[in-house]
file model.pdb (PDB, C-alpha atoms, pLDDT in the B column)
ATOM      1  CA  MET E 393      20.404   2.461 -11.482  1.00 77.00           C
ATOM      2  CA  LEU E 394      18.965   5.431  -9.563  1.00 90.00           C
ATOM      3  CA  GLU E 395      15.833   4.962  -7.472  1.00 93.00           C
ATOM      4  CA  HIS E 396      12.671   6.427  -8.918  1.00 94.00           C
ATOM      5  CA  GLY E 397       9.568   6.975  -6.814  1.00 95.00           C
ATOM      6  CA  GLU E 398       9.095   8.143  -3.251  1.00 95.00           C
ATOM      7  CA  LEU E 399       6.944   7.000  -0.357  1.00 97.00           C
ATOM      8  CA  ALA E 400       5.459   9.155   2.406  1.00 98.00           C
ATOM      9  CA  LEU E 401       4.227   7.290   5.498  1.00 98.00           C
ATOM     10  CA  GLU E 402       2.229   8.337   8.539  1.00 98.00           C
ATOM     11  CA  TRP E 403       0.174   6.696  11.266  1.00 98.00           C
ATOM     12  CA  GLN E 404      -3.311   7.943  12.101  1.00 96.00           C
ATOM     13  CA  GLY E 405      -4.215   5.782  15.054  1.00 96.00           C
ATOM     14  CA  ASP E 406      -4.039   2.203  13.822  1.00 96.00           C
ATOM     15  CA  VAL E 407      -4.209   3.213  10.162  1.00 98.00           C
ATOM     16  CA  LEU E 408      -0.962   3.420   8.239  1.00 98.00           C
ATOM     17  CA  ILE E 409      -1.295   5.888   5.377  1.00 98.00           C
ATOM     18  CA  LEU E 410       1.015   5.393   2.407  1.00 98.00           C
ATOM     19  CA  ARG E 411       1.354   8.017  -0.294  1.00 98.00           C
ATOM     20  CA  PRO E 412       3.561   6.799  -3.113  1.00 97.00           C
ATOM     21  CA  GLN E 413       4.684   9.543  -5.473  1.00 95.00           C
ATOM     22  CA  GLY E 414       6.205   9.354  -8.908  1.00 93.00           C
ATOM     23  CA  ALA E 415       6.960   6.576 -11.338  1.00 94.00           C
ATOM     24  CA  PHE E 416       8.585   3.675  -9.493  1.00 95.00           C
ATOM     25  CA  ASN E 417      11.352   1.580 -10.932  1.00 96.00           C
ATOM     26  CA  GLU E 418      12.469  -1.675  -9.305  1.00 95.00           C
ATOM     27  CA  GLU E 419      15.117   0.048  -7.165  1.00 96.00           C
ATOM     28  CA  GLY E 420      12.628   2.669  -5.993  1.00 96.00           C
ATOM     29  CA  THR E 421      10.131  -0.029  -5.069  1.00 96.00           C
ATOM     30  CA  MET E 422      12.723  -1.928  -3.033  1.00 96.00           C
ATOM     31  CA  ALA E 423      13.787   1.274  -1.228  1.00 97.00           C
ATOM     32  CA  ALA E 424      10.137   2.096  -0.479  1.00 97.00           C
ATOM     33  CA  PHE E 425       9.532  -1.453   0.782  1.00 97.00           C
ATOM     34  CA  THR E 426      12.550  -1.189   3.100  1.00 98.00           C
ATOM     35  CA  LEU E 427      11.227   2.092   4.494  1.00 98.00           C
ATOM     36  CA  PHE E 428       7.730   0.622   4.857  1.00 98.00           C
ATOM     37  CA  ARG E 429       8.993  -2.488   6.665  1.00 98.00           C
ATOM     38  CA  GLN E 430      11.009  -0.453   9.155  1.00 98.00           C
ATOM     39  CA  PHE E 431       8.095   1.929   9.754  1.00 98.00           C
ATOM     40  CA  VAL E 432       5.793  -0.999  10.569  1.00 98.00           C
ATOM     41  CA  LEU E 433       8.334  -2.802  12.752  1.00 98.00           C
ATOM     42  CA  ASP E 434       9.143   0.383  14.697  1.00 98.00           C
ATOM     43  CA  SER E 435       5.437   0.888  15.474  1.00 97.00           C
ATOM     44  CA  ASN E 436       5.134  -2.370  17.452  1.00 97.00           C
ATOM     45  CA  LYS E 437       1.437  -2.517  16.490  1.00 97.00           C
ATOM     46  CA  PRO E 438       0.121  -6.080  16.630  1.00 96.00           C
ATOM     47  CA  ALA E 439      -2.783  -5.246  14.295  1.00 96.00           C
ATOM     48  CA  TRP E 440      -3.281  -2.352  11.911  1.00 97.00           C
ATOM     49  CA  LEU E 441      -5.069  -1.176   8.792  1.00 97.00           C
ATOM     50  CA  ARG E 442      -3.567   0.389   5.681  1.00 97.00           C
ATOM     51  CA  LEU E 443      -4.676   3.186   3.374  1.00 98.00           C
ATOM     52  CA  GLU E 444      -2.734   3.577   0.141  1.00 97.00           C
ATOM     53  CA  VAL E 445      -3.317   6.741  -1.861  1.00 98.00           C
ATOM     54  CA  TRP E 446      -1.808   6.121  -5.278  1.00 95.00           C
ATOM     55  CA  GLY E 447      -2.584   9.443  -6.968  1.00 92.00           C
ATOM     56  CA  ASP E 448      -1.091   9.168 -10.450  1.00 90.00           C
ATOM     57  CA  THR E 449       1.582   6.709  -9.307  1.00 90.00           C
ATOM     58  CA  LEU E 450       2.504   3.722 -11.428  1.00 88.00           C
ATOM     59  CA  GLY E 451       5.557   1.552 -11.764  1.00 90.00           C
ATOM     60  CA  VAL E 452       7.451  -0.431 -14.343  1.00 90.00           C
ATOM     61  CA  PRO E 453       6.347  -4.074 -14.711  1.00 89.00           C
ATOM     62  CA  GLU E 454       9.278  -5.306 -12.573  1.00 92.00           C
ATOM     63  CA  SER E 455       8.183  -2.922  -9.832  1.00 91.00           C
ATOM     64  CA  MET E 456       4.532  -3.980  -9.962  1.00 88.00           C
ATOM     65  CA  ALA E 457       5.567  -7.637  -9.874  1.00 90.00           C
ATOM     66  CA  GLN E 458       6.855  -7.047  -6.344  1.00 91.00           C
ATOM     67  CA  LEU E 459       3.402  -6.091  -5.010  1.00 89.00           C
ATOM     68  CA  PRO E 460       2.323  -9.627  -4.005  1.00 90.00           C
ATOM     69  CA  SER E 461       5.324 -10.127  -1.724  1.00 92.00           C
ATOM     70  CA  ILE E 462       4.840  -6.686  -0.170  1.00 93.00           C
ATOM     71  CA  TYR E 463       1.186  -7.413   0.641  1.00 91.00           C
ATOM     72  CA  THR E 464       2.039 -10.868   1.967  1.00 92.00           C
ATOM     73  CA  TRP E 465       4.714  -9.370   4.233  1.00 95.00           C
ATOM     74  CA  ALA E 466       2.259  -6.764   5.555  1.00 95.00           C
ATOM     75  CA  GLU E 467      -0.373  -9.398   6.236  1.00 93.00           C
ATOM     76  CA  SER E 468       2.099 -11.540   8.168  1.00 95.00           C
ATOM     77  CA  HIS E 469       3.032  -8.474  10.249  1.00 97.00           C
ATOM     78  CA  GLY E 470      -0.440  -7.470  11.414  1.00 96.00           C
ATOM     79  CA  CYS E 471      -2.130  -5.741   8.467  1.00 96.00           C
ATOM     80  CA  LYS E 472      -5.800  -6.714   8.645  1.00 95.00           C
ATOM     81  CA  ALA E 473      -7.101  -4.813   5.617  1.00 95.00           C
ATOM     82  CA  THR E 474      -5.987  -2.411   2.912  1.00 95.00           C
ATOM     83  CA  ALA E 475      -7.959   0.324   1.180  1.00 96.00           C
ATOM     84  CA  ILE E 476      -6.365   1.528  -2.041  1.00 96.00           C
ATOM     85  CA  VAL E 477      -7.334   4.871  -3.546  1.00 97.00           C
ATOM     86  CA  ILE E 478      -6.730   4.943  -7.277  1.00 96.00           C
ATOM     87  CA  THR E 479      -7.374   7.471 -10.019  1.00 95.00           C
ATOM     88  CA  ASN E 480      -7.690   5.356 -13.145  1.00 94.00           C
ATOM     89  CA  TYR E 481      -8.626   1.995 -14.589  1.00 92.00           C
ATOM     90  CA  VAL E 482      -5.015   0.982 -15.287  1.00 91.00           C
ATOM     91  CA  GLN E 483      -4.206   1.214 -11.574  1.00 91.00           C
ATOM     92  CA  GLU E 484      -7.303  -0.801 -10.700  1.00 91.00           C
ATOM     93  CA  ARG E 485      -6.303  -3.568 -13.124  1.00 90.00           C
ATOM     94  CA  ILE E 486      -2.799  -3.632 -11.634  1.00 88.00           C
ATOM     95  CA  VAL E 487      -4.144  -3.860  -8.084  1.00 88.00           C
ATOM     96  CA  ARG E 488      -6.661  -6.566  -8.818  1.00 87.00           C
ATOM     97  CA  SER E 489      -4.207  -8.664 -10.829  1.00 88.00           C
ATOM     98  CA  HIS E 490      -1.225  -8.368  -8.462  1.00 84.00           C
ATOM     99  CA  ILE E 491      -2.716  -8.629  -4.988  1.00 82.00           C
ATOM    100  CA  THR E 492      -2.996 -12.344  -4.488  1.00 71.00           C
ATOM    101  CA  SER E 493      -2.560 -12.624  -0.740  1.00 64.00           C
ATOM    102  CA  SER E 494      -5.507 -13.550   1.422  1.00 67.00           C
ATOM    103  CA  SER E 495      -5.632 -10.127   3.047  1.00 71.00           C
ATOM    104  CA  VAL E 496      -8.814  -8.129   2.842  1.00 88.00           C
ATOM    105  CA  PHE E 497      -8.606  -5.211   0.406  1.00 92.00           C
ATOM    106  CA  ASP E 498     -10.784  -2.992  -1.695  1.00 94.00           C
ATOM    107  CA  VAL E 499     -10.287  -0.251  -4.262  1.00 95.00           C
ATOM    108  CA  PHE E 500     -11.771   3.239  -3.989  1.00 97.00           C
ATOM    109  CA  ARG E 501     -11.831   6.483  -5.965  1.00 97.00           C
ATOM    110  CA  ASN E 502     -11.526   8.776  -2.918  1.00 97.00           C
ATOM    111  CA  GLU E 503     -10.051   8.815   0.574  1.00 97.00           C
ATOM    112  CA  VAL E 504     -13.347   9.509   2.352  1.00 98.00           C
ATOM    113  CA  ASP E 505     -14.937   6.266   1.151  1.00 98.00           C
ATOM    114  CA  ALA E 506     -11.723   4.326   1.759  1.00 98.00           C
ATOM    115  CA  LEU E 507     -11.445   5.555   5.354  1.00 97.00           C
ATOM    116  CA  ALA E 508     -15.144   4.887   5.956  1.00 97.00           C
ATOM    117  CA  TRP E 509     -14.657   1.287   4.810  1.00 97.00           C
ATOM    118  CA  LEU E 510     -11.594   0.848   7.006  1.00 97.00           C
ATOM    119  CA  SER E 511     -13.483   2.252  10.003  1.00 96.00           C
ATOM    120  CA  THR E 512     -16.074  -0.512   9.682  1.00 95.00           C
ATOM    121  CA  LEU E 513     -13.281  -3.074   9.966  1.00 91.00           C
ATOM    122  CA  SER E 514     -11.598  -1.567  13.009  1.00 78.00           C
ATOM    123  CA  LYS E 515     -14.562  -2.208  15.319  1.00 62.00           C
TER     124      LYS E 515
END
call {"tool": "encode", "arguments": {"input": "model.pdb", "output": "structure tokens"}}
result
Amino acid sequence: MLEHGELALEWQGDVLILRPQGAFNEEGTMAAFTLFRQFVLDSNKPAWLRLEVWGDTLGVPESMAQLPSIYTWAESHGCKATAIVITNYVQERIVRSHITSSSVFDVFRNEVDALAWLSTLSK
């Protein structure tokens, strides 16, 4: 099956910003995870923070079921906290029900508040 969904990545200091776009299927999620993993490994950062800006992004149930392993991988590779910017209640329910790792995370409605929260953790 063709991959659906795209992921834009960029570093701002020690904050990795992820901007998923589109409706992700399982193949799209795996391709995005591969890109994400390589981006983190290439950075050689021992500790980092993550900002995810979901916009209107969602995924099929099989795609969303992969979230716990993605967060666990990030945590084991230096991610100290994740701020997730969402736009609706459905996304918030997905985040809160699928992120089961012990990493620190919170959900926000805008990037300004999310970045402010992350800045308190980077000190």
call {"tool": "residues_around", "arguments": {"input": "model.pdb", "residues": "E:Glu418", "least_positions_apart": "6", "cutoff": "9 Å", "atoms": "only C-alpha atoms", "output": "list in words"}}
result
Glu395, His396, Gly451, Val452, Pro453, Glu454, Ser455, Met456 and Gln458 of chain E
call {"tool": "closest_residue", "arguments": {"input": "model.pdb", "among": "E:Ala466, E:Ala415, E:Leu450, E:Leu459", "to": "E:Leu433", "atoms": "all atoms listed in the file"}}
result
E:Ala466
call {"tool": "resolve_selection", "arguments": {"input": "model.pdb", "expression": "the PyMOL selection byres ((chain E and resi 506) around 10)", "output": "count of residues only"}}
result
21
call {"tool": "atom_distance", "arguments": {"input": "model.pdb", "atom1": "atom CA of E:Gln483", "atom2": "atom CA of E:Val407"}}
result
21.8 Å
call {"tool": "atom_distance", "arguments": {"input": "model.pdb", "atom1": "atom CA of E:Phe425", "atom2": "atom CA of E:Tyr481"}}
result
24.0 Å
call {"tool": "atom_distance", "arguments": {"input": "model.pdb", "atom1": "atom CA of E:Trp440", "atom2": "atom CA of E:Cys471"}}
result
5.0 Å
call {"tool": "resolve_selection", "arguments": {"input": "model.pdb", "expression": "the PyMOL selection byres ((chain E and resi 431) around 12)", "output": "short mmCIF file (atom, residue, chain, number, x, y, z; two decimals) with C-alpha atoms, in the coordinates of the input"}}
result
data_model
loop_
_atom_site.label_atom_id
_atom_site.label_comp_id
_atom_site.auth_asym_id
_atom_site.auth_seq_id
_atom_site.Cartn_x
_atom_site.Cartn_y
_atom_site.Cartn_z
CA LEU E 399 6.94 7.00 -0.36
CA ALA E 400 5.46 9.15 2.41
CA LEU E 401 4.23 7.29 5.50
CA GLU E 402 2.23 8.34 8.54
CA TRP E 403 0.17 6.70 11.27
CA LEU E 408 -0.96 3.42 8.24
CA ILE E 409 -1.30 5.89 5.38
CA LEU E 410 1.01 5.39 2.41
CA ALA E 424 10.14 2.10 -0.48
CA PHE E 425 9.53 -1.45 0.78
CA THR E 426 12.55 -1.19 3.10
CA LEU E 427 11.23 2.09 4.49
CA PHE E 428 7.73 0.62 4.86
CA ARG E 429 8.99 -2.49 6.66
CA GLN E 430 11.01 -0.45 9.15
CA VAL E 432 5.79 -1.00 10.57
CA LEU E 433 8.33 -2.80 12.75
CA ASP E 434 9.14 0.38 14.70
CA SER E 435 5.44 0.89 15.47
CA ASN E 436 5.13 -2.37 17.45
CA LYS E 437 1.44 -2.52 16.49
CA ALA E 466 2.26 -6.76 5.56
CA HIS E 469 3.03 -8.47 10.25
#
call {"tool": "closest_residue", "arguments": {"input": "model.pdb", "among": "E:Leu513, E:Leu394, E:Ile478, E:Ile462", "to": "E:Glu419", "atoms": "all atoms listed in the file"}}
result
E:Leu394
call {"tool": "residues_around", "arguments": {"input": "model.pdb", "residues": "E:Ser495", "least_positions_apart": "6", "cutoff": "8 Å", "atoms": "all atoms listed in the file", "output": "list in words"}}
result
Tyr463, Thr464, Glu467, Cys471, Lys472, Ala473 and Thr474 of chain E
call {"tool": "closest_residue", "arguments": {"input": "model.pdb", "among": "E:Asn417, E:Pro412, E:Pro460, E:Ser514", "to": "E:Arg488", "atoms": "only C-alpha atoms"}}
result
E:Pro460
call {"tool": "closest_residue", "arguments": {"input": "model.pdb", "among": "E:Ala423, E:Gln413, E:Trp446, E:Ile491", "to": "E:Thr479", "atoms": "all atoms listed in the file"}}
result
E:Trp446
call {"tool": "closest_residue", "arguments": {"input": "model.pdb", "among": "E:Phe416, E:Gly447, E:Leu441, E:Trp465", "to": "E:Phe497", "atoms": "all atoms listed in the file"}}
result
E:Leu441
call {"tool": "decode", "arguments": {"input": "model.pdb", "residues": "stretch 395-514 of chain E", "atoms": "C-alpha atoms", "output": "CSV table (one decimal), in the first residue's frame"}}
result
chain,number,residue,atom,x,y,z
E,395,GLU,CA,2.4,5.7,2.3
E,396,HIS,CA,0.1,8.4,3.5
E,397,GLY,CA,1.2,11.2,5.7
E,398,GLU,CA,4.4,13.3,5.7
E,399,LEU,CA,6.7,14.4,8.4
E,400,ALA,CA,8.8,17.7,8.5
E,401,LEU,CA,11.6,17.8,11.0
E,402,GLU,CA,13.9,20.6,12.2
E,403,TRP,CA,16.2,21.3,15.2
E,404,GLN,CA,16.0,24.6,17.0
E,405,GLY,CA,18.8,24.2,19.5
E,406,ASP,CA,18.0,21.1,21.6
E,407,VAL,CA,14.4,21.1,20.6
E,408,LEU,CA,13.3,18.8,17.8
E,409,ILE,CA,10.2,20.1,16.0
E,410,LEU,CA,8.0,17.6,14.3
E,411,ARG,CA,5.3,18.7,11.9
E,412,PRO,CA,3.2,15.7,10.7
E,413,GLN,CA,1.0,16.5,7.8
E,414,GLY,CA,-1.9,14.5,6.4
E,415,ALA,CA,-3.8,11.4,7.3
E,416,PHE,CA,-1.3,8.7,8.2
E,417,ASN,CA,-1.7,5.1,7.4
E,418,GLU,CA,0.5,2.3,8.9
E,419,GLU,CA,3.0,2.5,6.1
E,420,GLY,CA,3.2,6.3,6.3
E,421,THR,CA,3.8,6.1,10.1
E,422,MET,CA,6.6,3.5,9.7
E,423,ALA,CA,8.3,5.7,7.0
E,424,ALA,CA,8.0,8.8,9.3
E,425,PHE,CA,9.4,6.8,12.2
E,426,THR,CA,12.4,5.7,10.1
E,427,LEU,CA,13.0,9.3,9.1
E,428,PHE,CA,12.6,10.5,12.7
E,429,ARG,CA,15.0,7.8,14.1
E,430,GLN,CA,17.7,8.7,11.5
E,431,PHE,CA,17.3,12.4,12.2
E,432,VAL,CA,17.8,11.9,16.0
E,433,LEU,CA,20.7,9.5,15.5
E,434,ASP,CA,22.5,11.9,13.1
E,435,SER,CA,22.2,14.7,15.6
E,436,ASN,CA,24.4,13.0,18.2
E,437,LYS,CA,22.5,14.9,20.9
E,438,PRO,CA,22.7,13.1,24.3
E,439,ALA,CA,19.6,14.9,25.6
E,440,TRP,CA,16.9,16.8,23.8
E,441,LEU,CA,13.3,18.0,23.9
E,442,ARG,CA,10.5,17.5,21.4
E,443,LEU,CA,7.7,19.7,20.1
E,444,GLU,CA,5.1,18.0,18.0
E,445,VAL,CA,2.7,20.2,16.1
E,446,TRP,CA,-0.1,18.0,14.9
E,447,GLY,CA,-2.3,20.5,13.1
E,448,ASP,CA,-5.2,18.5,11.7
E,449,THR,CA,-3.2,15.3,11.5
E,450,LEU,CA,-4.7,12.0,12.5
E,451,GLY,CA,-4.0,8.4,11.6
E,452,VAL,CA,-5.8,5.1,11.2
E,453,PRO,CA,-6.0,3.0,14.3
E,454,GLU,CA,-3.1,0.8,13.2
E,455,SER,CA,-1.0,3.9,12.8
E,456,MET,CA,-2.0,5.4,16.2
E,457,ALA,CA,-1.2,2.0,17.9
E,458,GLN,CA,2.4,2.5,17.0
E,459,LEU,CA,2.7,5.7,19.1
E,460,PRO,CA,3.8,4.0,22.3
E,461,SER,CA,6.8,2.3,20.7
E,462,ILE,CA,7.8,5.6,19.0
E,463,TYR,CA,7.7,7.5,22.3
E,464,THR,CA,9.6,4.7,24.1
E,465,TRP,CA,12.3,4.7,21.4
E,466,ALA,CA,12.7,8.5,21.7
E,467,GLU,CA,12.9,8.3,25.5
E,468,SER,CA,15.6,5.7,25.3
E,469,HIS,CA,17.5,7.9,22.9
E,470,GLY,CA,17.7,11.1,24.9
E,471,CYS,CA,14.2,12.7,24.7
E,472,LYS,CA,13.5,14.3,28.1
E,473,ALA,CA,10.1,15.8,27.4
E,474,THR,CA,7.5,16.2,24.7
E,475,ALA,CA,5.1,19.0,24.1
E,476,ILE,CA,2.3,18.2,21.7
E,477,VAL,CA,0.2,20.9,20.1
E,478,ILE,CA,-3.2,19.6,19.1
E,479,THR,CA,-6.3,21.3,17.5
E,480,ASN,CA,-9.1,19.1,18.8
E,481,TYR,CA,-10.4,16.8,21.5
E,482,VAL,CA,-10.0,13.6,19.4
E,483,GLN,CA,-6.3,14.2,19.1
E,484,GLU,CA,-6.0,14.9,22.8
E,485,ARG,CA,-7.8,11.6,23.6
E,486,ILE,CA,-5.5,9.7,21.2
E,487,VAL,CA,-2.4,11.3,22.8
E,488,ARG,CA,-3.5,10.6,26.4
E,489,SER,CA,-4.5,7.0,25.7
E,490,HIS,CA,-1.5,6.0,23.6
E,491,ILE,CA,1.4,7.6,25.3
E,492,THR,CA,2.2,5.1,28.0
E,493,SER,CA,6.0,5.6,28.3
E,494,SER,CA,7.4,7.2,31.4
E,495,SER,CA,8.6,10.3,29.5
E,496,VAL,CA,7.3,13.7,30.5
E,497,PHE,CA,4.7,15.1,28.1
E,498,ASP,CA,1.9,17.6,28.0
E,499,VAL,CA,-0.7,18.7,25.5
E,500,PHE,CA,-1.2,22.3,24.4
E,501,ARG,CA,-3.4,24.3,22.0
E,502,ASN,CA,-0.7,26.5,20.7
E,503,GLU,CA,3.1,26.5,20.0
E,504,VAL,CA,3.9,29.5,22.2
E,505,ASP,CA,2.6,27.8,25.4
E,506,ALA,CA,4.2,24.5,24.4
E,507,LEU,CA,7.6,26.1,23.8
E,508,ALA,CA,7.3,28.1,27.1
E,509,TRP,CA,6.7,24.8,28.9
E,510,LEU,CA,9.7,23.1,27.2
E,511,SER,CA,11.9,26.1,28.1
E,512,THR,CA,11.2,25.5,31.8
E,513,LEU,CA,12.5,22.0,31.4
E,514,SER,CA,15.7,22.8,29.6
